[in-house]
2 protein chains.
Amino acid sequence: MGFWKTWFSTPESVSATKSAAFEEHTASTGDPSANSDRIVFSTERDIDLYELEELCDAVGWSRRPLRKVKKAIEHSFLVASMWQVRGNQRRLIGFARATSDHAFNATIWDVVVHPDFQGKGLGKALMKYVLKKLRSEEISNVTLFADPHVVDFYRTMGFMSDPEGIKGMFWYPH
Amino acid sequence: MGFWKTWFSTPESVSATKSAAFEEHTASTGDPSANSDRIVFSTERDIDLYELEELCDAVGWSRRPLRKVKKAIEHSFLVASMWQVRGNQRRLIGFARATSDHAFNATIWDVVVHPDFQGKGLGKALMKYVLKKLRSEEISNVTLFADPHVVDFYRTMGFMSDPEGIKGMFWYPH
Ligand SMILES: CC(C)(COP(=O)(O)OP(=O)(O)OC[C@H]1O[C@@H](n2cnc3c(N)ncnc32)[C@H](O)[C@@H]1OP(=O)(O)O)[C@@H](O)C(=O)NCCC(=O)NCCS
Ligand SMILES: CC(C)(COP(=O)(O)OP(=O)(O)OC[C@H]1O[C@@H](n2cnc3c(N)ncnc32)[C@H](O)[C@@H]1OP(=O)(O)O)[C@@H](O)C(=O)NCCC(=O)NCCS
């Protein structure tokens, strides 16, 4: 991994702020001389839906109608994306979103890191970014539904499964 | 239990329709002659916050700032309430709400029936109403987090816990 800079934009989730200010973060892992690559985080919603579909394809998720994906992004409380930036090119390499009542709870969905970028701590960085944003909105109860193979991934970030016996439950239309 | 009429209003969740049309349902349990009591379901959001607080108090839930409850109701996808109607008086006897991305998923929160009305099938009726509304919005994935003592209540309605090993997980700010 090169010299990653991580870049945080302000939350676009609640107010539709036009002028996004940027905070810049520098991750000190790797070689400081190879500074042509940066990892940038954003809460902008104008994500190319085909690029997002490609990312989800890459981890084997089944395709979803783009019309519905568009609607889901519009109505999520938080949309977080992670980009590899090289010169003036950028590539979508990570994504996550959260639904919320804007007051008490938020539920995180569709967490994904491109296979080329997995296992480098970027999934964790993306989740930290999401949690930081949710905390800044005073959300006190952050939840998610984890596939069995990623329960430990979320546990490393402080998520607890079934705390005090609370059970995640699902209902599908029939 | 008397002659319950259940009354469904149209969903207010997505579009802010002003003129709410009403469907009327008749539950055939009980004595048809004692028709002075009705149970009415609604998706209207103009719920008296003090009346809602009283209902939550009655089941022992800890108090929450009304300012945040108001915000949560505004930003929930669906707000369902259940009322006992006697003549021109109405009493809030049940409540539930759901967050959603308006496309794929919805998560149900704060399901409550007043103790005076528990064990009569009304919790189930309220949940059926919620599920009917969510289905009419083409939501295909309905989730919730159930306290241990109500897992069986949700199971009777077709909710499954940990399907295919999917785990409900929680994170609290620290
Ligand atoms: C799950 C996913 C987002 C993790 O991203 P990543 O960038 O590979 O994860 P990181 O490199 O940041 O790993 C962070 C920590 O979690 C651990 N971890 C990563 N993936 C894990 C997995 N699948 N199972 C268990 N632990 C995992 C790492 O070992 C690391 O632990 P450490 O902090 O103790 O070193 C990514 O693998 C992915 O997109 N998978 C496919 C899509 C998916 O399954 N999403 C979740 C749907 S519920
Ligand atoms: C949980 C609650 C909403 C149920 O409402 P209710 O009106 O009493 O439930 P119903 O009478 O409709 O019961 C429906 C079915 O669930 C069962 N049931 C009801 N409460 C149950 C419970 N606590 N545990 C297990 N089963 C239960 C009933 O036996 C019935 O089964 P059946 O259809 O096989 O006859 C209500 O008890 C309540 O408000 N409790 C306090 C608040 C709470 O804990 N909410 C859930 C937070 S996650």
# chains A, B, ... in the order shown; residues from 1 in each chain; ligands from 1

$ residues_near_ligand --ligand "ligand 1" --cutoff "6 Å" --atoms "only C-alpha atoms and all ligand atoms" --output "count of residues only"
18

$ select_by_dssp --residues "segment 9-159 of chain A" --states "alpha helix (DSSP H)" --output "PyMOL selection string"
chain A and resi 49-58+66-74+122-136+151-155

$ closest_atom_pairs --of "chain A" --to "ligand 2" --cutoff "12 Å" --atoms "only C-alpha atoms and all ligand atoms" --output "CSV"
residue,atom,partner,partner_atom_place_in_ligand_line,distance
A:Gly165,CA,ligand 2,48 (S),11.0
A:Ile166,CA,ligand 2,48 (S),8.1
A:Lys167,CA,ligand 2,48 (S),9.1
A:Gly168,CA,ligand 2,48 (S),10.2
A:Met169,CA,ligand 2,48 (S),10.5

$ interface_residues --of "chain B" --to "chain A" --cutoff "9 Å" --atoms "only C-alpha atoms" --output "count of residues only"
52

$ atom_distance --atom1 "atom CA of Ile93 of chain B" --atom2 "atom CA of Trp61 of chain B"
14.9 Å

$ atom_distance --atom1 "atom CA of Ser136 of chain B" --atom2 "atom CA of Gly60 of chain A"
29.2 Å

$ select_by_dssp --residues "segment 30-166 of chain B" --states "strand (DSSP E or B)" --output "VMD selection string"
chain B and resid 37 to 42 78 to 86 89 to 100 105 to 113 141 to 146 160 to 161

$ atom_distance --atom1 "atom CA of Ala96 of chain B" --atom2 "atom CA of Ala80 of chain A"
28.7 Å

$ residues_around --residues "Glu53 of chain A" --least-positions-apart "4" --cutoff "10 Å" --atoms "only C-alpha atoms" --output "compact mmCIF listing (two decimals) with N, CA and C atoms, in the first residue's frame"
# COMPACT_ATOMS: atom_id res chain seq x y z
N ASP A 48 -22.25 7.45 -9.61
CA ASP A 48 -22.62 6.80 -10.87
C ASP A 48 -23.16 5.40 -10.55
N LEU A 49 -24.43 5.17 -10.88
CA LEU A 49 -25.08 3.91 -10.49
C LEU A 49 -24.46 2.70 -11.18
N ASP A 57 -21.15 -6.05 -8.17
CA ASP A 57 -20.87 -7.25 -9.00
C ASP A 57 -19.57 -7.91 -8.56
N ALA A 58 -18.56 -7.08 -8.29
CA ALA A 58 -17.21 -7.58 -7.99
C ALA A 58 -17.18 -8.46 -6.72
N TRP A 61 -22.61 -9.78 -5.42
CA TRP A 61 -23.98 -9.49 -5.00
C TRP A 61 -24.91 -9.56 -6.21
N SER A 62 -26.13 -10.00 -5.97
CA SER A 62 -27.07 -10.09 -7.09
C SER A 62 -27.52 -8.69 -7.50
N ARG A 63 -27.75 -8.55 -8.79
CA ARG A 63 -28.12 -7.23 -9.34
C ARG A 63 -29.47 -6.75 -8.84
N ARG A 64 -29.61 -5.45 -8.71
CA ARG A 64 -30.86 -4.85 -8.28
C ARG A 64 -31.25 -3.77 -9.28
N PRO A 65 -32.56 -3.58 -9.47
CA PRO A 65 -32.99 -2.56 -10.44
C PRO A 65 -32.39 -1.19 -10.09
N LEU A 66 -31.75 -0.55 -11.07
CA LEU A 66 -31.09 0.74 -10.80
C LEU A 66 -32.07 1.80 -10.31
N VAL A 69 -32.26 1.24 -6.68
CA VAL A 69 -30.99 1.64 -6.05
C VAL A 69 -30.95 3.17 -5.91

$ closest_residue --among "A:Arg91, A:Glu137, A:Val85, A:Met127" --to "Glu54 of chain A" --atoms "only C-alpha atoms"
A:Arg91
